[in-house]
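Shown next: run_31.cif, containing mmCIF, C-alpha atoms and all ligand atoms.
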data_entry
loop_
_atom_site.group_PDB
_atom_site.id
_atom_site.type_symbol
_atom_site.label_atom_id
_atom_site.label_comp_id
_atom_site.auth_asym_id
_atom_site.auth_seq_id
_atom_site.Cartn_x
_atom_site.Cartn_y
_atom_site.Cartn_z
ATOM 1 C CA MET Z 1 100.203 57.810 110.261
ATOM 2 C CA ILE Z 2 99.353 55.039 112.695
ATOM 3 C CA VAL Z 3 100.420 51.503 113.603
ATOM 4 C CA ILE Z 4 98.340 49.098 115.673
ATOM 5 C CA ALA Z 5 99.246 45.578 116.789
ATOM 6 C CA SER Z 6 98.187 42.699 118.997
ATOM 7 C CA GLU Z 7 99.651 43.090 122.495
ATOM 8 C CA ASN Z 8 102.759 40.992 121.695
ATOM 9 C CA GLY Z 9 103.545 43.551 118.962
ATOM 10 C CA ARG Z 10 104.981 45.831 121.694
ATOM 11 C CA VAL Z 11 108.513 44.760 120.739
ATOM 12 C CA GLY Z 12 108.064 45.940 117.143
ATOM 13 C CA ILE Z 13 105.607 48.832 117.116
ATOM 14 C CA VAL Z 14 108.076 51.647 117.846
ATOM 15 C CA GLU Z 15 110.309 50.438 115.016
ATOM 16 C CA ALA Z 16 107.294 50.201 112.696
ATOM 17 C CA MET Z 17 106.448 53.851 113.445
ATOM 18 C CA ARG Z 18 110.106 54.853 112.940
ATOM 19 C CA VAL Z 19 109.914 53.286 109.465
ATOM 20 C CA LEU Z 20 106.790 55.334 108.668
ATOM 21 C CA ARG Z 21 108.398 58.531 109.995
ATOM 22 C CA CYS Z 22 111.392 57.932 107.719
ATOM 23 C CA GLY Z 23 109.060 57.831 104.716
ATOM 24 C CA GLY Z 24 108.607 54.063 104.573
ATOM 25 C CA SER Z 25 105.376 52.540 103.306
ATOM 26 C CA ALA Z 26 102.690 50.813 105.370
ATOM 27 C CA LEU Z 27 103.998 47.506 103.994
ATOM 28 C CA ASP Z 28 107.552 48.342 105.127
ATOM 29 C CA ALA Z 29 106.282 49.248 108.604
ATOM 30 C CA VAL Z 30 104.229 46.066 109.014
ATOM 31 C CA GLU Z 31 107.129 43.897 107.858
ATOM 32 C CA ALA Z 32 109.652 45.672 110.117
ATOM 33 C CA GLY Z 33 107.424 45.402 113.184
ATOM 34 C CA ILE Z 34 106.635 41.731 112.658
ATOM 35 C CA ARG Z 35 110.281 40.804 112.009
ATOM 36 C CA LEU Z 36 111.135 41.968 115.537
ATOM 37 C CA VAL Z 37 108.397 39.790 117.012
ATOM 38 C CA GLU Z 38 109.604 36.838 114.910
ATOM 39 C CA ASP Z 39 113.102 37.431 116.361
ATOM 40 C CA ASN Z 40 111.800 37.508 119.935
ATOM 41 C CA ALA Z 41 112.501 34.013 121.304
ATOM 42 C CA GLU Z 42 110.515 34.891 124.447
ATOM 43 C CA ASP Z 43 107.332 34.870 122.344
ATOM 44 C CA GLU Z 44 106.360 31.217 122.048
ATOM 45 C CA THR Z 45 103.657 31.862 119.448
ATOM 46 C CA VAL Z 46 105.648 33.478 116.634
ATOM 47 C CA GLY Z 47 108.937 32.865 114.796
ATOM 48 C CA VAL Z 48 112.075 31.736 116.637
ATOM 49 C CA GLY Z 49 111.094 30.059 119.900
ATOM 50 C CA GLY Z 50 107.610 29.241 118.601
ATOM 51 C CA ILE Z 51 106.002 26.108 120.060
ATOM 52 C CA PRO Z 52 106.524 23.144 117.705
ATOM 53 C CA ASN Z 53 104.121 20.636 116.145
ATOM 54 C CA LEU Z 54 103.477 17.092 117.421
ATOM 55 C CA LEU Z 55 106.799 15.933 115.974
ATOM 56 C CA GLY Z 56 108.778 18.706 117.656
ATOM 57 C CA GLU Z 57 109.243 20.724 114.448
ATOM 58 C CA VAL Z 58 108.468 24.445 114.332
ATOM 59 C CA GLN Z 59 106.310 25.225 111.274
ATOM 60 C CA LEU Z 60 105.642 28.906 110.643
ATOM 61 C CA ASP Z 61 102.791 30.651 108.782
ATOM 62 C CA ALA Z 62 102.485 34.303 107.715
ATOM 63 C CA SER Z 63 100.651 36.619 105.350
ATOM 64 C CA ILE Z 64 100.799 40.225 104.234
ATOM 65 C CA MET Z 65 98.247 42.298 102.338
ATOM 66 C CA ASP Z 66 98.603 45.636 100.549
ATOM 67 C CA GLY Z 67 95.403 47.673 100.784
ATOM 68 C CA ARG Z 68 96.189 49.707 97.659
ATOM 69 C CA ARG Z 69 95.298 47.006 95.155
ATOM 70 C CA ARG Z 70 94.461 44.169 97.538
ATOM 71 C CA THR Z 71 97.531 42.225 96.471
ATOM 72 C CA CYS Z 72 98.750 39.714 99.022
ATOM 73 C CA GLY Z 73 101.232 36.950 99.753
ATOM 74 C CA ALA Z 74 101.208 34.058 102.199
ATOM 75 C CA VAL Z 75 103.316 31.112 103.288
ATOM 76 C CA GLY Z 76 102.386 28.097 105.400
ATOM 77 C CA SER Z 77 104.269 25.321 107.232
ATOM 78 C CA VAL Z 78 107.696 26.857 106.618
ATOM 79 C CA ARG Z 79 110.585 25.252 108.515
ATOM 80 C CA GLY Z 80 114.027 26.655 109.147
ATOM 81 C CA TYR Z 81 113.509 30.292 108.172
ATOM 82 C CA ALA Z 82 113.453 33.174 110.622
ATOM 83 C CA HIS Z 83 111.102 35.585 108.873
ATOM 84 C CA PRO Z 84 108.051 34.091 107.170
ATOM 85 C CA ILE Z 85 106.533 37.599 106.916
ATOM 86 C CA SER Z 86 109.345 38.649 104.559
ATOM 87 C CA ILE Z 87 108.965 35.471 102.504
ATOM 88 C CA ALA Z 88 105.214 36.176 102.231
ATOM 89 C CA ARG Z 89 105.980 39.698 101.002
ATOM 90 C CA ARG Z 90 108.320 38.372 98.326
ATOM 91 C CA VAL Z 91 105.636 35.865 97.207
ATOM 92 C CA MET Z 92 103.322 38.853 96.746
ATOM 93 C CA GLU Z 93 105.933 40.901 94.909
ATOM 94 C CA GLU Z 94 107.667 38.277 92.758
ATOM 95 C CA LEU Z 95 105.193 35.526 91.922
ATOM 96 C CA PRO Z 96 101.840 35.471 90.152
ATOM 97 C CA HIS Z 97 100.633 33.408 93.131
ATOM 98 C CA VAL Z 98 99.304 34.307 96.564
ATOM 99 C CA PHE Z 99 100.023 31.254 98.729
ATOM 100 C CA LEU Z 100 102.954 28.804 98.978
ATOM 101 C CA VAL Z 101 103.168 25.999 101.528
ATOM 102 C CA GLY Z 102 105.657 23.444 102.822
ATOM 103 C CA GLU Z 103 108.514 22.403 100.562
ATOM 104 C CA GLY Z 104 107.519 24.851 97.835
ATOM 105 C CA ALA Z 105 107.590 27.758 100.280
ATOM 106 C CA GLU Z 106 110.965 26.601 101.633
ATOM 107 C CA ARG Z 107 112.339 26.246 98.117
ATOM 108 C CA PHE Z 108 111.222 29.798 97.297
ATOM 109 C CA ALA Z 109 112.735 31.044 100.591
ATOM 110 C CA ALA Z 110 116.075 29.484 99.614
ATOM 111 C CA GLU Z 111 115.886 31.032 96.124
ATOM 112 C CA ILE Z 112 115.424 34.534 97.480
ATOM 113 C CA GLY Z 113 118.197 34.060 100.064
ATOM 114 C CA ALA Z 114 115.881 34.327 103.061
ATOM 115 C CA GLU Z 115 117.641 34.065 106.417
ATOM 116 C CA ARG Z 116 117.872 30.511 107.698
ATOM 117 C CA ARG Z 117 117.501 29.995 111.454
ATOM 118 C CA HIS Z 118 117.171 27.134 113.900
ATOM 119 C CA LEU Z 119 113.686 27.810 115.262
ATOM 120 C CA LEU Z 120 113.409 25.333 118.132
ATOM 121 C CA THR Z 121 114.964 26.710 121.310
ATOM 122 C CA GLU Z 122 116.204 24.621 124.211
ATOM 123 C CA LYS Z 123 113.233 25.869 126.228
ATOM 124 C CA THR Z 124 110.580 24.935 123.659
ATOM 125 C CA ALA Z 125 112.288 21.595 122.950
ATOM 126 C CA ASN Z 126 112.120 20.756 126.666
ATOM 127 C CA THR Z 127 108.499 21.892 126.930
ATOM 128 C CA TRP Z 128 107.590 19.727 123.916
ATOM 129 C CA ARG Z 129 109.331 16.669 125.355
ATOM 130 C CA ARG Z 130 107.701 17.111 128.764
ATOM 131 C CA ARG Z 131 104.248 17.536 127.193
ATOM 132 C CA MET Z 132 104.632 14.462 124.979
ATOM 133 C CA LEU Z 133 105.802 12.321 127.897
ATOM 134 C CA GLU Z 134 102.620 13.217 129.781
ATOM 135 C CA ALA Z 135 100.764 11.321 127.023
ATOM 136 C CA MET Z 136 103.173 8.616 125.777
ATOM 137 C CA THR Z 137 106.118 6.452 126.773
ATOM 138 C CA GLU Z 138 109.768 7.238 126.001
ATOM 139 C CA GLU Z 139 109.685 4.494 123.373
ATOM 140 C CA GLU Z 140 106.558 5.867 121.688
ATOM 141 C CA LEU Z 141 108.168 9.305 121.615
ATOM 142 C CA GLU Z 142 111.338 7.907 120.073
ATOM 143 C CA HIS Z 143 109.331 6.394 117.180
ATOM 144 C CA LEU Z 144 106.757 9.165 116.863
ATOM 145 C CA ALA Z 145 107.980 10.360 113.463
ATOM 146 C CA GLU Z 146 107.264 6.901 111.960
ATOM 147 C CA ASP Z 147 103.982 6.325 113.815
ATOM 148 C CA PRO Z 148 101.438 5.249 111.143
ATOM 149 C CA ASN Z 149 98.641 6.471 113.424
ATOM 150 C CA LEU Z 150 99.965 9.874 114.462
ATOM 151 C CA ARG Z 151 96.441 11.189 114.720
ATOM 152 C CA ARG Z 152 95.867 9.187 117.908
ATOM 153 C CA TRP Z 153 98.114 11.696 119.681
ATOM 154 C CA VAL Z 154 96.128 14.696 118.556
ATOM 155 C CA SER Z 155 94.504 14.794 122.007
ATOM 156 C CA VAL Z 156 97.872 16.141 123.172
ATOM 157 C CA THR Z 157 97.042 19.308 121.258
ATOM 158 C CA MET Z 158 93.678 19.812 122.873
ATOM 159 C CA ASP Z 159 94.603 22.645 125.151
ATOM 160 C CA PRO Z 160 92.640 25.514 123.618
ATOM 161 C CA ARG Z 161 94.668 28.029 125.669
ATOM 162 C CA LEU Z 162 97.620 27.112 123.460
ATOM 163 C CA ALA Z 163 95.672 27.169 120.235
ATOM 164 C CA GLY Z 164 96.319 30.468 118.636
ATOM 165 C CA GLY Z 165 98.967 32.937 119.792
ATOM 166 C CA THR Z 166 99.941 35.058 116.800
ATOM 167 C CA VAL Z 167 101.062 38.590 115.995
ATOM 168 C CA ASN Z 168 98.984 41.138 114.018
ATOM 169 C CA PHE Z 169 100.220 44.469 112.648
ATOM 170 C CA ILE Z 170 98.218 47.063 110.703
ATOM 171 C CA ALA Z 171 99.790 50.328 109.489
ATOM 172 C CA GLN Z 172 98.621 53.405 107.611
ATOM 173 C CA ASP Z 173 101.378 55.505 106.042
ATOM 174 C CA ALA Z 174 101.693 59.199 105.151
ATOM 175 C CA LYS Z 175 99.978 58.572 101.803
ATOM 176 C CA GLY Z 176 96.993 56.975 103.540
ATOM 177 C CA ASN Z 177 97.872 53.501 102.307
ATOM 178 C CA ILE Z 178 97.047 50.586 104.592
ATOM 179 C CA ALA Z 179 98.839 47.253 104.992
ATOM 180 C CA CYS Z 180 98.178 44.308 107.273
ATOM 181 C CA GLY Z 181 100.488 41.456 108.337
ATOM 182 C CA VAL Z 182 100.132 38.325 110.467
ATOM 183 C CA SER Z 183 102.723 35.774 111.611
ATOM 184 C CA THR Z 184 102.481 32.681 113.825
ATOM 185 C CA SER Z 185 103.879 29.311 114.801
ATOM 186 C CA GLY Z 186 100.263 28.165 115.045
ATOM 187 C CA TRP Z 187 98.478 25.835 117.424
ATOM 188 C CA ALA Z 188 100.870 24.251 119.912
ATOM 189 C CA TRP Z 189 101.594 20.559 119.150
ATOM 190 C CA LYS Z 190 99.486 20.738 115.986
ATOM 191 C CA TYR Z 191 99.250 17.833 113.549
ATOM 192 C CA PRO Z 192 102.091 18.439 111.038
ATOM 193 C CA GLY Z 193 100.915 20.582 108.153
ATOM 194 C CA ARG Z 194 97.999 22.128 110.047
ATOM 195 C CA LEU Z 195 97.349 25.691 108.878
ATOM 196 C CA GLY Z 196 95.380 28.189 110.902
ATOM 197 C CA ASP Z 197 93.967 31.497 109.781
ATOM 198 C CA SER Z 198 97.155 33.571 109.833
ATOM 199 C CA PRO Z 199 98.191 32.792 106.253
ATOM 200 C CA VAL Z 200 94.610 32.562 104.975
ATOM 201 C CA ILE Z 201 93.664 35.866 103.374
ATOM 202 C CA GLY Z 202 90.129 36.787 104.404
ATOM 203 C CA ALA Z 203 90.257 34.692 107.572
ATOM 204 C CA GLY Z 204 93.189 36.052 109.601
ATOM 205 C CA ASN Z 205 94.163 39.055 107.455
ATOM 206 C CA TYR Z 206 92.459 41.509 105.115
ATOM 207 C CA ALA Z 207 93.245 45.059 103.937
ATOM 208 C CA ASP Z 208 91.467 47.401 101.561
ATOM 209 C CA ASN Z 209 92.516 51.077 101.423
ATOM 210 C CA ARG Z 210 88.962 52.143 100.673
ATOM 211 C CA TYR Z 211 87.546 50.898 103.994
ATOM 212 C CA GLY Z 212 90.276 49.618 106.325
ATOM 213 C CA ALA Z 213 91.935 46.424 107.519
ATOM 214 C CA ALA Z 214 91.487 43.693 110.099
ATOM 215 C CA ALA Z 215 93.575 40.860 111.522
ATOM 216 C CA CYS Z 216 92.953 38.050 113.972
ATOM 217 C CA THR Z 217 94.686 36.070 116.679
ATOM 218 C CA GLY Z 218 93.257 33.092 118.520
ATOM 219 C CA LEU Z 219 91.801 29.845 117.263
ATOM 220 C CA GLY Z 220 92.257 29.979 113.492
ATOM 221 C CA GLU Z 221 89.777 27.156 112.917
ATOM 222 C CA MET Z 222 87.070 29.628 114.016
ATOM 223 C CA THR Z 223 87.957 32.586 111.811
ATOM 224 C CA ILE Z 224 88.526 30.378 108.751
ATOM 225 C CA ARG Z 225 84.941 29.132 109.168
ATOM 226 C CA ALA Z 226 83.553 32.673 109.307
ATOM 227 C CA GLY Z 227 85.950 34.585 107.013
ATOM 228 C CA THR Z 228 86.396 36.980 109.912
ATOM 229 C CA ALA Z 229 88.988 39.552 108.735
ATOM 230 C CA ARG Z 230 87.154 39.986 105.430
ATOM 231 C CA SER Z 231 83.854 40.264 107.308
ATOM 232 C CA VAL Z 232 85.122 43.160 109.420
ATOM 233 C CA VAL Z 233 86.178 45.075 106.301
ATOM 234 C CA LEU Z 234 82.919 44.226 104.546
ATOM 235 C CA TYR Z 235 80.931 45.486 107.540
ATOM 236 C CA MET Z 236 82.877 48.759 107.306
ATOM 237 C CA GLN Z 237 82.067 48.867 103.569
ATOM 238 C CA MET Z 238 78.393 48.478 104.523
ATOM 239 C CA GLY Z 239 78.626 51.560 106.736
ATOM 240 C CA LEU Z 240 79.370 50.252 110.226
ATOM 241 C CA ASP Z 241 82.057 52.098 112.148
ATOM 242 C CA VAL Z 242 85.225 50.180 112.947
ATOM 243 C CA GLU Z 243 84.153 49.222 116.459
ATOM 244 C CA GLU Z 244 80.699 48.054 115.375
ATOM 245 C CA ALA Z 245 82.248 46.103 112.493
ATOM 246 C CA CYS Z 246 84.520 44.187 114.887
ATOM 247 C CA ILE Z 247 81.647 43.447 117.269
ATOM 248 C CA ARG Z 248 79.438 42.269 114.408
ATOM 249 C CA ALA Z 249 82.163 39.938 113.069
ATOM 250 C CA MET Z 250 82.670 38.574 116.574
ATOM 251 C CA LYS Z 251 78.913 37.956 116.888
ATOM 252 C CA ASP Z 252 79.114 35.914 113.665
ATOM 253 C CA LEU Z 253 81.450 33.581 115.569
ATOM 254 C CA GLN Z 254 79.170 33.199 118.575
ATOM 255 C CA GLU Z 255 77.110 30.452 116.986
ATOM 256 C CA LEU Z 256 80.036 28.253 115.986
ATOM 257 C CA GLN Z 257 80.405 24.997 117.882
ATOM 258 C CA PRO Z 258 82.898 23.904 118.968
ATOM 259 C CA GLY Z 259 83.926 27.455 119.764
ATOM 260 C CA GLY Z 260 87.204 28.973 120.849
ATOM 261 C CA GLY Z 261 89.054 32.155 121.700
ATOM 262 C CA VAL Z 262 89.383 34.818 119.010
ATOM 263 C CA ASP Z 263 90.751 38.380 119.093
ATOM 264 C CA ILE Z 264 90.464 40.964 116.307
ATOM 265 C CA ILE Z 265 92.225 44.269 115.693
ATOM 266 C CA ALA Z 266 91.039 46.657 112.990
ATOM 267 C CA LEU Z 267 91.763 50.084 111.538
ATOM 268 C CA ASP Z 268 89.439 52.114 109.330
ATOM 269 C CA HIS Z 269 90.541 54.210 106.363
ATOM 270 C CA ARG Z 270 90.439 57.369 108.517
ATOM 271 C CA GLY Z 271 93.006 55.827 110.881
ATOM 272 C CA ARG Z 272 90.588 54.935 113.697
ATOM 273 C CA PRO Z 273 91.474 51.705 115.548
ATOM 274 C CA ALA Z 274 89.397 49.144 117.449
ATOM 275 C CA ALA Z 275 89.959 45.729 118.985
ATOM 276 C CA VAL Z 276 87.736 43.022 120.425
ATOM 277 C CA SER Z 277 88.123 39.698 122.185
ATOM 278 C CA ASN Z 278 85.617 36.944 122.912
ATOM 279 C CA GLU Z 279 87.415 35.591 125.972
ATOM 280 C CA LYS Z 280 90.191 37.808 127.316
ATOM 281 C CA VAL Z 281 88.899 39.821 130.241
ATOM 282 C CA GLY Z 282 91.377 42.696 130.419
ATOM 283 C CA GLY Z 283 92.766 41.912 126.955
ATOM 284 C CA THR Z 284 94.695 44.729 125.288
ATOM 285 C CA TYR Z 285 96.249 45.812 121.987
ATOM 286 C CA VAL Z 286 98.835 48.469 121.191
ATOM 287 C CA VAL Z 287 98.474 51.693 119.233
ATOM 288 C CA MET Z 288 101.046 54.276 118.152
ATOM 289 C CA SER Z 289 100.204 57.308 116.038
ATOM 290 C CA ASP Z 290 102.586 59.849 114.604
ATOM 291 C CA GLU Z 291 101.902 62.296 117.448
ATOM 292 C CA MET Z 292 102.934 59.806 120.165
ATOM 293 C CA ASP Z 293 106.445 59.340 121.616
ATOM 294 C CA THR Z 294 105.719 55.706 122.332
ATOM 295 C CA TYR Z 295 102.850 53.256 122.063
ATOM 296 C CA GLU Z 296 99.713 53.109 124.202
ATOM 297 C CA GLU Z 297 98.193 49.884 125.416
ATOM 298 C CA ARG Z 298 94.412 50.043 125.049
ATOM 299 C CA PRO Z 299 91.638 47.688 126.224
ATOM 300 C CA ARG Z 300 89.849 45.344 123.850
ATOM 301 C CA ILE Z 301 86.068 45.287 123.906
ATOM 302 C CA LEU Z 302 84.832 41.969 125.297
ATOM 303 C CA VAL Z 303 82.187 40.206 123.164
ATOM 304 C CA PRO Z 304 81.672 36.919 125.049
ATOM 305 C CA PRO Z 305 80.332 33.776 123.388
ATOM 306 C CA LEU Z 306 76.673 32.885 123.870
ATOM 307 C CA ILE Z 307 76.252 30.760 126.999
ATOM 308 C CA GLY Z 308 75.841 27.169 125.859
ATOM 309 C CA GLY Z 309 76.114 28.100 122.179
ATOM 310 C CA ALA Z 310 73.325 28.953 119.741
HETATM 311 N N1 LIG L 401 95.604 32.226 114.821
HETATM 312 C C1 LIG L 401 96.701 31.382 114.610
HETATM 313 C C2 LIG L 401 96.371 30.009 114.300
HETATM 314 O O1 LIG L 401 95.253 29.550 114.510
HETATM 315 O O2 LIG L 401 97.251 29.309 113.842
#

For the file at hand, write its structure as structure tokens.
Ligand code: GLY
Amino acid sequence: MIVIASENGRVGIVEAMRVLRCGGSALDAVEAGIRLVEDNAEDETVGVGGIPNLLGEVQLDASIMDGRRRTCGAVGSVRGYAHPISIARRVMEELPHVFLVGEGAERFAAEIGAERRHLLTEKTANTWRRRMLEAMTEEELEHLAEDPNLRRWVSVTMDPRLAGGTVNFIAQDAKGNIACGVSTSGWAWKYPGRLGDSPVIGAGNYADNRYGAAACTGLGEMTIRAGTARSVVLYMQMGLDVEEACIRAMKDLQELQPGGGVDIIALDHRGRPAAVSNEKVGGTYVVMSDEMDTYEERPRILVPPLIGGA
């Protein structure tokens, strides 16, 4: 049994392993670990306390995938609910669909009695207001919601360092089953309705018991373009080991312009982990196997972008 996560998964990985040790499934472990990150208001990239969109609204995205039969569920642009990962799981389990967004996702969340929560904290509300007032007047901010040309403010979002914080969890349970989950508040100050890769199966999340699983953080616009999580698993299917598969998928991104920061974690079907980053010198991820008392923080392999692009 093993759980791996992006570095901000520290707050949930011990609980995820406890779930596995108590006989829970890989899906249960992934959901339990991510719920704790979604509850962590200190993490401004996921769940409660996530950085809002241009209008100051927090819109959450999440997906979950079951490697047994490659079933999956995803939600996008969900407002007012604490745990999009659990809503995504219920989409997978209760609907013939994979992906719900916006009002439909919120309607479904209400139907299943998902926990409602005010997602904007005082801290993130103040940060949003300060950031907007660097670009616009008080009066423009007051009327922003009705602005017929909201896209003119999209330059406010153009800080790539704030593009793609997210949490990834991958678990393999005692039966050898693999599950993968991803949750995010997305790109800071995004245009309302913008979806990144986290809820897009194949881009930010993919799991297949036969080969392994992969998940991404960073600039979702990049991994959507390259189908990155699916690529990692496909490279493993083609015979590359988990580390080589991650490096190869990262190299596929090197030619994309404009580029941006991307991190990948992956686990193969034998329970071997790997992680890469294209920008974080000293970047890490967390790993906890059944034999460990607590998690280990391990380095990511750096696969930098080509200088000046392709
Ligand atoms: N990777 C998260 C996002 O782009 O929204």

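Distance annotation: of Z:His269, Z:Lys123, Z:Arg70, Z:Arg18, the residue with the minimal separation from Ile51 (chain Z) is Z:Lys123; atom set is all atoms listed in the file.
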
Have a look at Z:Phe169, Z:Tyr285, Z:Tyr295, Z:Tyr191 and name the one nearest to Ile34 (chain Z); count only C-alpha atoms.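 Answer, going by the shortest atom-to-atom distance: Z:Phe169.
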
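The nearest approach to Gly165 (chain Z) among the residues Z:Pro148, Z:Trp187, Z:Arg68, Z:Ile112, with only C-alpha atoms taken into account, belongs to Z:Trp187.
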
Neighbouring residues of Asp28 (chain Z) were defined as those with any atom within 12 Å, considering only C-alpha atoms; residues of the same chain fewer than 2 positions away were excluded. Please report them as a PyMOL selection string. chain Z and resi 3+15-26+30-35+64-66+85-86+89+169-173+177-181

Output the residue selection produced by the PyMOL selection byres (((not hetatm)) within 8 of (chain L and resi 401)) on the file above, formatted as a list in words.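 In the shown coordinates, the PyMOL selection byres (((not hetatm)) within 8 of (chain L and resi 401)) covers Asp61, Ala163, Gly164, Gly165, Thr166, Thr184, Ser185, Gly186, Trp187, Leu195, Gly196, Asp197, Ser198, Gly204, Cys216, Thr217, Gly218, Leu219, Gly220, Glu221 and Val262 of chain Z.
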
Could you pull the residues within 12 Å of Arg152 (chain Z), counting all atoms listed in the file, minus those fewer than 4 positions along the same chain, as a PyMOL selection string? chain Z and resi 54+135-136+140+144+147-148+156-158+191

Please identify all polymer residues lying at most 6 Å from the point (91.0, 44.6, 111.9) (file coordinates), using only C-alpha atoms, and present the result as number ranges by chain. Z: 213-215, 264-267

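Pairwise distance (CA of Leu306 (chain Z), CA of Ser155 (chain Z)) equals 25.5 Å.
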
Measuring between all atoms listed in the file, which one of Z:Val287, Z:Leu253, Z:Met236, Z:Ala82 shows the shortest distance to Leu36 (chain Z)? Z:Ala82

May I ask which of the residues Z:Val281, Z:Ile2, Z:Ala110, Z:Val167 is the closest one to Asp43 (chain Z), counting only C-alpha atoms?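 Among the listed residues, the smallest separation from Asp43 (chain Z) belongs to Z:Val167.
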
On this structure, the PyMOL selection byres (((chain Z and resi 75-78) around 7) and not hetatm) would catch which residues? List them as a list of chain:residue names, sorted by chain and number.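 So the PyMOL selection byres (((chain Z and resi 75-78) around 7) and not hetatm) ends up selecting Z:Gln59, Z:Leu60, Z:Asp61, Z:Ala62, Z:Ser63, Z:Ala74, Z:Arg79, Z:Gly80, Z:Tyr81, Z:Pro84, Z:Ala88, Z:Phe99, Z:Leu100, Z:Val101, Z:Gly102, Z:Ala105, Z:Glu106, Z:Gly193, Z:Leu195, Z:Pro199.
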
Nearest to Val154 (chain Z) by atom-to-atom distance, counting only C-alpha atoms, from Z:Met132, Z:Val233, Z:Ala174, Z:Ile13: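 Under the stated criterion, the closest residue is Z:Met132.
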
Could you check how far CA of Pro304 (chain Z) sits from CA of Arg194 (chain Z), in Å to one decimal?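 These two atoms are separated by 26.7 Å.
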
Report the distance between CA of Ser289 (chain Z) and CA of Gly176 (chain Z) in Å, rounded to one decimal place.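 Atom-to-atom, CA of Ser289 (chain Z) and CA of Gly176 (chain Z) are spaced 12.9 Å apart.
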
Residue contacts of Ala41 (chain Z) (8 Å, all atoms listed in the file) excluding same-chain residues fewer than 5 positions away, as a ChimeraX atom specification: /Z:47-50,121

List, as JSON, numbers by chain, every residue that the PyMOL selection byres (((chain Z and resi 268) around 6) and not hetatm) selects in the file provided. {"Z": [211, 212, 242, 267, 269, 270, 271, 272]}

Serialized selection, C-alpha atoms, as a PDB file, keeping the file's coordinate frame:
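Wrote it out as again-v6.pdb, contents follow:
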ATOM      1  CA  TYR Z 211      87.546  50.898 103.994  1.00  0.00           C
ATOM      2  CA  GLY Z 212      90.276  49.618 106.325  1.00  0.00           C
ATOM      3  CA  VAL Z 242      85.225  50.180 112.947  1.00  0.00           C
ATOM      4  CA  LEU Z 267      91.763  50.084 111.538  1.00  0.00           C
ATOM      5  CA  HIS Z 269      90.541  54.210 106.363  1.00  0.00           C
ATOM      6  CA  ARG Z 270      90.439  57.369 108.517  1.00  0.00           C
ATOM      7  CA  GLY Z 271      93.006  55.827 110.881  1.00  0.00           C
ATOM      8  CA  ARG Z 272      90.588  54.935 113.697  1.00  0.00           C
TER       9      ARG Z 272
END

Might I get the box with edges along x, y and z of the file that holds all atoms of region 30-41 of chain Z listed there, padded by 6 Å on every side, given as centre and edge lengths in Å to one decimal, as lines of an AutoDock Vina configuration file?
center_x = 108.7
center_y = 40.0
center_z = 114.6
size_x = 20.9
size_y = 24.1
size_z = 25.4

Written-out region 167-183 of chain Z (C-alpha atoms) as a compact mmCIF listing (two decimals), in the first residue's frame:
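What follows is the written file out_15.txt:
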# COMPACT_ATOMS: atom_id res chain seq x y z
CA VAL Z 167 -3.37 19.18 -4.87
CA ASN Z 168 -2.71 15.69 -6.32
CA PHE Z 169 -3.19 12.38 -4.51
CA ILE Z 170 -2.53 8.88 -5.87
CA ALA Z 171 -3.10 5.75 -3.75
CA GLN Z 172 -2.69 2.01 -4.20
CA ASP Z 173 -4.63 -0.16 -1.75
CA ALA Z 174 -4.09 -3.66 -0.34
CA LYS Z 175 -5.82 -5.18 -3.37
CA GLY Z 176 -3.45 -3.38 -5.73
CA ASN Z 177 -6.14 -1.01 -6.97
CA ILE Z 178 -5.07 2.51 -7.90
CA ALA Z 179 -7.02 5.76 -7.65
CA CYS Z 180 -6.05 9.33 -8.46
CA GLY Z 181 -7.63 12.62 -7.33
CA VAL Z 182 -7.02 16.31 -8.03
CA SER Z 183 -8.58 19.44 -6.51
